[in-house]
Amino acid sequence: MTPGPRPRGAALAVVGDPAGRRVAFLQDALRSAGLPGARVVSWPEVLRGGARFSAGEAVRVDSPGEEPETDRLLRGTDDPTRVEGTGLWYARFTAAVAGLAREAAAAGAALVDDPDELAVLFDKRLSHARLAAAGVPVPPSPTSGPSAPAVRGWEDVRALTARDGLRRFFVKLAHGSSASGVLAVETDGGGRRVQATTSVERAPGGRLHNSLRVRRYTDEREVGAIVDALAPDGLHVERWLPKATQRGRAADLRVVVVDGRATHAVVRTSRFPLTNLHLGGGRGDLDEVRAAITAAGGRWADALGVCERAAGAFPGTRCVGVDLLPATGWRRFAVGEVNAFGDLLPGLTGLPGGHAEGLDTYAAQVAALLGTGPRTAVRPHTRTRSTGTTGTSTA
């Protein structure tokens, strides 16, 4: 069960990158609230089995980030630009979080968030299935859920998408984040033309690297080679839904939900199908989005409600970042992903008139954790386990 508000006297420990921005933002939020800073436990300490906790501590698990030593311990590579290795990353990360939970419990401490839900959030196939089961609108997918067929390579992708009539679709690493390994694929349906838009750079010898430059591959053999190289790490395939536009650019939103309430939102726009800000996407105008929804006969509150329903599928996780996909015309919405570490949005303050107005994402979480800020009406949080029956980042 998710813990309630943290008593003011309780100590907070955070597992993260001691030199990273996430930890710095959290410490700033604690100081601004007049509270002592959190004790920082590094991910290498955890991964090497050296992390220890104290009775009464509340333990926040934050993103492993991009710290080189952590990345090497999780993915087994010294090259942080390599795309491959997410399957190993997932196995080691989820094992480490499960170990954290056991270590904390033995010491009389407790994790802030449900470790079992992290395992679902970091598997797009399981997360997609959990959202669909909760009635949250998601893009149709032939790989959703534990009983879906495994994708062993490009030929499987071709067969599954042909079976379901998908001419435009996304191929994603099941355990990827920040658009790593994502391909937006377009076909003519007859097998004569294939084009993939992606940030993956294919080096000589077939090695795959993340790039900050979005590129297009138009040779099916090259697209197939990339998918074949990614497949051992696990793949998720879903329909490419046409998005609404803002000023001629494709638009979607990252909405942060804290304790069941949508608190922050940022519009992301791009001339590419990948809108991630680190790939050249820009921040759009939220007022224009609200006006477009109203002009289309919709309600902004309903769009936020979709995000809150998505977060409600993970009741043991106090803060998530929901990727909200507005359909052409701004009347309908679907959820692309729910990100466990989707709160890294520097400089973004809470929605005007909302429960976190004037607070950044970390200050809003500190207020909720301490019970010092406005919260949703207390609802029972049932601890859920990723048993495989139901089913991730910067923006």
# chains A, B, ... in the order shown; residues from 1 in each chain; ligands from 1
>>> select_by_dssp(residues="segment 254-349 of chain A", states="strand (DSSP E)", output="PyMOL selection string")
chain A and resi 254-258+261-270+282-283+319-326+333-339
>>> residues_around(residues="segment 263-266 of chain A", least_positions_apart="5", cutoff="9 Å", atoms="only C-alpha atoms", output="list in words")
Asp252, Leu253, Arg254, Val255, Val256, Val257, Val258, Arg283, Gly284, Asp285, Leu286, Leu345, Leu348, Thr349, Gly350, Leu351, Gly354, His355, Ala356, Glu357, Asp360, Thr361, Ala364 and Ala395 of chain A
>>> closest_residue(among="A:Arg309, A:Arg299, A:Arg290, A:Arg239", to="Gly260 of chain A", atoms="only C-alpha atoms")
A:Arg309
>>> atom_distance(atom1="atom CA of Arg48 of chain A", atom2="atom CA of Ala107 of chain A")
18.0 Å
>>> closest_residue(among="A:Gly99, A:Gly336, A:Gly282, A:Gly34", to="Asp323 of chain A", atoms="only C-alpha atoms")
A:Gly336
